[in-house]
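Worksheet: one structure, shown below.
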Amino acid sequence: QIYTQFPCSFEFTEKLLVVLADHSLASNFGTFLCDAEKSRAELGVKEHTVSLWSYLNQVEILSQHLNCLYLPNKVVIWPSVAPMSLALWEGYFLRWVQYQAVAVGAQERRKMGEIVQRNKEAQTLALRLRKELRELMVEAVELGVLKQENKEVEQEEEQVLEDLLI
């Protein structure tokens with residue numbers, strides 16, 4: 001539900017969630033065996049099985065699951081729990097069904113990806129222009145064209161630039 005409502009807030013794709021859900025039910029890996037650590041220790045799960053995480057952390061595997069729409073977000077996301085906001089997890093429960101909506105969804109994701117890419121480019125350009133403006137203002141102050149503003153304003157501008165870089 002959260003992934004559906006906030007597709008740009010997750011570093012990995014829905015496909016990784018499906019892989020994890022599948023392996024939690026039936027797996028060649030020992031990651032989801034037993035209900036408690038005590039049981040895992042008694043059965044020697046660590047010694048006799050391989051961790052799913054060691055498989056997923058391989059670069060060639062993990063790179064398949066990176067979300068191209070991901071944008072780091074420092075604020076807490078608040079998903080809607082209203083009944084109309086809740087939907088069936090089609091990526092898991094209907095993954096074997098092929099129909100027209102799947103193709104439409106792929107087109108929408110592609111368009112969203114293009115929008116996100118243009119937004120990133122615009123943010124980069126804005127950051128570069130702010131930096132250039134700052135350099136020009138410093139040069140203008142040195143030449144005596146502008147009076148030097150108080151330090152608080154400069155510190156606020158520097159903080160804004162640092163926040164944008166993060």
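Ordering of the structure tokens sets the chain letters (A, B, ...); residue numbers start at 1 within each chain; ligands are numbered from 1 in the order shown.
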- Message: Can you tell me which residues surround A:Thr13 at a distance of at most 6 Å, considering only C-alpha atoms, apart from same-chain residues fewer than 3 positions away, and format the answer as a list in words?
- Response: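 That gives Leu16, His65, Leu66 and Asn67 of chain A.
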The selected residues should be written to file as a short mmCIF file (atom, residue, chain, number, x, y, z; two decimals), in the first residue's frame (atoms: C-alpha atoms).
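And here's selection.cif as it stands now:
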```cif
data_model
loop_
_atom_site.label_atom_id
_atom_site.label_comp_id
_atom_site.auth_asym_id
_atom_site.auth_seq_id
_atom_site.Cartn_x
_atom_site.Cartn_y
_atom_site.Cartn_z
CA LEU A 16 12.16 -6.91 -4.85
CA HIS A 65 15.81 -3.99 -8.28
CA LEU A 66 16.83 -0.31 -8.06
CA ASN A 67 13.95 2.15 -8.38
#
```
- Task: as number ranges by chain, please: all residues of chain A that backbone DSSP puts in helix (DSSP H, G or I).
- Result: A: 2-5, 14-25, 37-43, 45-48, 52-56, 59-65, 83-85, 90-93, 100-143, 151-165
Would you write out, as a Markdown table, a table of all residues in stretch 1-46 of chain A that have an atom no more than 12 Å from an atom of stretch 83-100 of chain A, listing for each the closest atom pair and the distance in Å to one decimal, considering only C-alpha atoms and ordering rows by chain and rising residue number?
```
| residue | atom | partner | partner_atom | distance |
| --- | --- | --- | --- | --- |
| A:Gln1 | CA | A:Leu86 | CA | 6.4 |
| A:Ile2 | CA | A:Leu86 | CA | 9.3 |
| A:Tyr3 | CA | A:Trp89 | CA | 9.8 |
| A:Thr4 | CA | A:Ala87 | CA | 8.5 |
| A:Gln5 | CA | A:Ser85 | CA | 8.1 |
| A:Phe6 | CA | A:Ser85 | CA | 11.9 |
| A:Thr13 | CA | A:Gly91 | CA | 10.6 |
| A:Glu14 | CA | A:Gly91 | CA | 7.2 |
| A:Lys15 | CA | A:Gly91 | CA | 7.6 |
| A:Leu16 | CA | A:Gly91 | CA | 10.7 |
| A:Leu17 | CA | A:Tyr92 | CA | 8.6 |
| A:Val18 | CA | A:Tyr92 | CA | 5.9 |
| A:Val19 | CA | A:Tyr92 | CA | 9.4 |
| A:Leu20 | CA | A:Tyr92 | CA | 10.8 |
| A:Ala21 | CA | A:Tyr92 | CA | 8.5 |
| A:Asp22 | CA | A:Tyr92 | CA | 9.1 |
```
Emit the selected residues as a compact mmCIF listing (two decimals), in the first residue's frame, including all heavy atoms.
```
# COMPACT_ATOMS: atom_id res chain seq x y z
N GLN A 1 0.82 -1.19 0.00
CA GLN A 1 0.00 0.00 0.00
C GLN A 1 0.87 1.26 0.00
O GLN A 1 0.61 2.19 -0.74
CB GLN A 1 -0.93 0.00 1.22
CG GLN A 1 -1.91 -1.15 1.26
CD GLN A 1 -2.84 -1.19 0.06
OE1 GLN A 1 -3.28 -0.17 -0.45
NE2 GLN A 1 -3.11 -2.38 -0.42
N ILE A 2 1.89 1.26 0.84
CA ILE A 2 2.75 2.44 0.94
C ILE A 2 3.51 2.63 -0.37
O ILE A 2 3.65 3.75 -0.86
CB ILE A 2 3.72 2.31 2.13
CG1 ILE A 2 2.94 2.28 3.43
CG2 ILE A 2 4.72 3.44 2.15
CD1 ILE A 2 3.78 1.99 4.65
N TYR A 3 4.01 1.56 -0.94
CA TYR A 3 4.76 1.66 -2.20
C TYR A 3 3.87 2.21 -3.31
O TYR A 3 4.32 3.02 -4.12
CB TYR A 3 5.33 0.29 -2.59
CG TYR A 3 6.27 0.37 -3.76
CD1 TYR A 3 7.62 0.62 -3.55
CD2 TYR A 3 5.83 0.25 -5.06
CE1 TYR A 3 8.50 0.73 -4.60
CE2 TYR A 3 6.70 0.36 -6.12
CZ TYR A 3 8.04 0.60 -5.89
OH TYR A 3 8.90 0.72 -6.95
N THR A 4 2.62 1.80 -3.34
CA THR A 4 1.68 2.28 -4.36
C THR A 4 1.43 3.78 -4.20
O THR A 4 1.36 4.50 -5.18
CB THR A 4 0.35 1.52 -4.27
OG1 THR A 4 0.62 0.12 -4.41
CG2 THR A 4 -0.62 1.96 -5.35
N GLN A 5 1.32 4.23 -2.95
CA GLN A 5 1.02 5.64 -2.71
C GLN A 5 2.25 6.54 -2.84
O GLN A 5 2.12 7.72 -3.15
CB GLN A 5 0.41 5.81 -1.31
CG GLN A 5 -0.96 5.18 -1.19
CD GLN A 5 -1.55 5.33 0.20
OE1 GLN A 5 -1.23 6.25 0.94
NE2 GLN A 5 -2.43 4.41 0.56
N PHE A 6 3.44 5.99 -2.61
CA PHE A 6 4.67 6.78 -2.66
C PHE A 6 5.75 6.07 -3.48
O PHE A 6 6.78 5.66 -2.95
CB PHE A 6 5.20 7.05 -1.24
CG PHE A 6 4.23 7.77 -0.35
CD1 PHE A 6 3.41 7.07 0.52
CD2 PHE A 6 4.14 9.14 -0.40
CE1 PHE A 6 2.51 7.73 1.33
CE2 PHE A 6 3.24 9.81 0.41
CZ PHE A 6 2.42 9.11 1.28
N THR A 13 12.53 -1.53 -6.08
CA THR A 13 11.26 -1.69 -6.78
C THR A 13 10.33 -2.66 -6.09
O THR A 13 10.71 -3.40 -5.19
CB THR A 13 11.50 -2.22 -8.20
OG1 THR A 13 12.10 -3.51 -8.11
CG2 THR A 13 12.37 -1.29 -9.02
N GLU A 14 9.12 -2.67 -6.58
CA GLU A 14 8.10 -3.61 -6.11
C GLU A 14 8.54 -5.04 -6.40
O GLU A 14 8.19 -5.97 -5.68
CB GLU A 14 6.79 -3.28 -6.83
CG GLU A 14 5.66 -4.20 -6.50
CD GLU A 14 4.41 -3.89 -7.32
OE1 GLU A 14 4.52 -3.45 -8.47
OE2 GLU A 14 3.31 -4.14 -6.78
N LYS A 15 9.32 -5.21 -7.45
CA LYS A 15 9.80 -6.54 -7.83
C LYS A 15 10.62 -7.18 -6.69
O LYS A 15 10.52 -8.38 -6.45
CB LYS A 15 10.67 -6.41 -9.08
CG LYS A 15 10.67 -7.60 -9.98
CD LYS A 15 11.32 -7.23 -11.30
CE LYS A 15 12.46 -8.20 -11.56
NZ LYS A 15 13.19 -7.89 -12.77
N LEU A 16 11.40 -6.38 -5.98
CA LEU A 16 12.16 -6.91 -4.85
C LEU A 16 11.22 -7.36 -3.73
O LEU A 16 11.46 -8.38 -3.09
CB LEU A 16 13.15 -5.86 -4.31
CG LEU A 16 14.00 -6.31 -3.13
CD1 LEU A 16 14.90 -7.47 -3.52
CD2 LEU A 16 14.82 -5.16 -2.59
N LEU A 17 10.14 -6.62 -3.51
CA LEU A 17 9.17 -7.02 -2.50
C LEU A 17 8.52 -8.36 -2.87
O LEU A 17 8.29 -9.20 -2.01
CB LEU A 17 8.08 -5.95 -2.34
CG LEU A 17 8.53 -4.62 -1.76
CD1 LEU A 17 7.38 -3.62 -1.78
CD2 LEU A 17 9.08 -4.79 -0.37
N VAL A 18 8.27 -8.56 -4.15
CA VAL A 18 7.69 -9.83 -4.62
C VAL A 18 8.69 -10.97 -4.38
O VAL A 18 8.31 -12.04 -3.91
CB VAL A 18 7.29 -9.74 -6.11
CG1 VAL A 18 6.92 -11.10 -6.66
CG2 VAL A 18 6.14 -8.76 -6.29
N VAL A 19 9.96 -10.72 -4.67
CA VAL A 19 11.00 -11.74 -4.43
C VAL A 19 11.04 -12.10 -2.95
O VAL A 19 11.07 -13.28 -2.58
CB VAL A 19 12.38 -11.24 -4.92
CG1 VAL A 19 13.50 -12.14 -4.42
CG2 VAL A 19 12.41 -11.14 -6.44
N LEU A 20 11.02 -11.10 -2.09
CA LEU A 20 11.05 -11.35 -0.64
C LEU A 20 9.81 -12.11 -0.18
O LEU A 20 9.90 -13.04 0.63
CB LEU A 20 11.18 -10.04 0.13
CG LEU A 20 12.52 -9.31 -0.02
CD1 LEU A 20 12.46 -7.94 0.64
CD2 LEU A 20 13.65 -10.14 0.54
N ALA A 21 8.65 -11.73 -0.70
CA ALA A 21 7.41 -12.42 -0.33
C ALA A 21 7.45 -13.88 -0.77
O ALA A 21 7.07 -14.79 -0.01
CB ALA A 21 6.21 -11.71 -0.94
N ASP A 22 7.92 -14.12 -1.99
CA ASP A 22 8.02 -15.50 -2.48
C ASP A 22 8.97 -16.33 -1.61
O ASP A 22 8.65 -17.45 -1.23
CB ASP A 22 8.51 -15.52 -3.93
CG ASP A 22 7.42 -15.13 -4.90
OD1 ASP A 22 6.23 -15.16 -4.53
OD2 ASP A 22 7.75 -14.80 -6.06
```
For A:Val45: contacts at 8 Å, only C-alpha atoms, fewer than 4 positions along chain excluded, given as a PDB file with N, CA, C and O atoms, in the first residue's frame:
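Resulting contents of part_19.pdb:
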```
ATOM      1  N   GLY A  30      17.940 -20.044   3.724  1.00  0.00           N
ATOM      2  CA  GLY A  30      17.530 -20.270   5.103  1.00  0.00           C
ATOM      3  C   GLY A  30      17.068 -19.026   5.834  1.00  0.00           C
ATOM      4  O   GLY A  30      16.765 -19.086   7.021  1.00  0.00           O
ATOM      5  N   LEU A  33      13.580 -19.335   7.595  1.00  0.00           N
ATOM      6  CA  LEU A  33      13.257 -20.588   8.282  1.00  0.00           C
ATOM      7  C   LEU A  33      13.121 -20.352   9.779  1.00  0.00           C
ATOM      8  O   LEU A  33      13.839 -19.547  10.349  1.00  0.00           O
ATOM      9  N   ARG A  40      16.349 -21.448  15.212  1.00  0.00           N
ATOM     10  CA  ARG A  40      17.359 -21.363  14.146  1.00  0.00           C
ATOM     11  C   ARG A  40      18.699 -21.895  14.653  1.00  0.00           C
ATOM     12  O   ARG A  40      19.393 -22.616  13.943  1.00  0.00           O
ATOM     13  N   ALA A  41      19.055 -21.549  15.887  1.00  0.00           N
ATOM     14  CA  ALA A  41      20.325 -21.997  16.457  1.00  0.00           C
ATOM     15  C   ALA A  41      20.305 -23.511  16.698  1.00  0.00           C
ATOM     16  O   ALA A  41      21.285 -24.214  16.403  1.00  0.00           O
ATOM     17  N   THR A  49      22.600 -23.498   5.668  1.00  0.00           N
ATOM     18  CA  THR A  49      21.915 -22.806   4.564  1.00  0.00           C
ATOM     19  C   THR A  49      22.643 -21.510   4.220  1.00  0.00           C
ATOM     20  O   THR A  49      23.484 -21.029   4.973  1.00  0.00           O
TER      21      THR A  49
END
```
- Quick one: residues within 7 Å of stretch 111-117 of chain A, only C-alpha atoms counted, chain neighbours fewer than 3 positions away excluded, as a VMD selection string? chain A and resid 68 to 69 107 to 108 120 to 121
May I have the residues from that selection written out with C-alpha atoms, as a PDB file, in the first residue's frame?
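This went into again39.pdb:
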```pdb
ATOM      1  CA  CYS A  68      14.767   4.713 -11.079  1.00  0.00           C
ATOM      2  CA  LEU A  69      12.062   6.992  -9.635  1.00  0.00           C
ATOM      3  CA  GLN A 107       3.483   3.638 -20.066  1.00  0.00           C
ATOM      4  CA  GLU A 108       2.518   5.711 -17.026  1.00  0.00           C
ATOM      5  CA  LYS A 120      16.402  16.189 -11.385  1.00  0.00           C
ATOM      6  CA  GLU A 121      17.961  18.042 -14.314  1.00  0.00           C
TER       7      GLU A 121
END
```
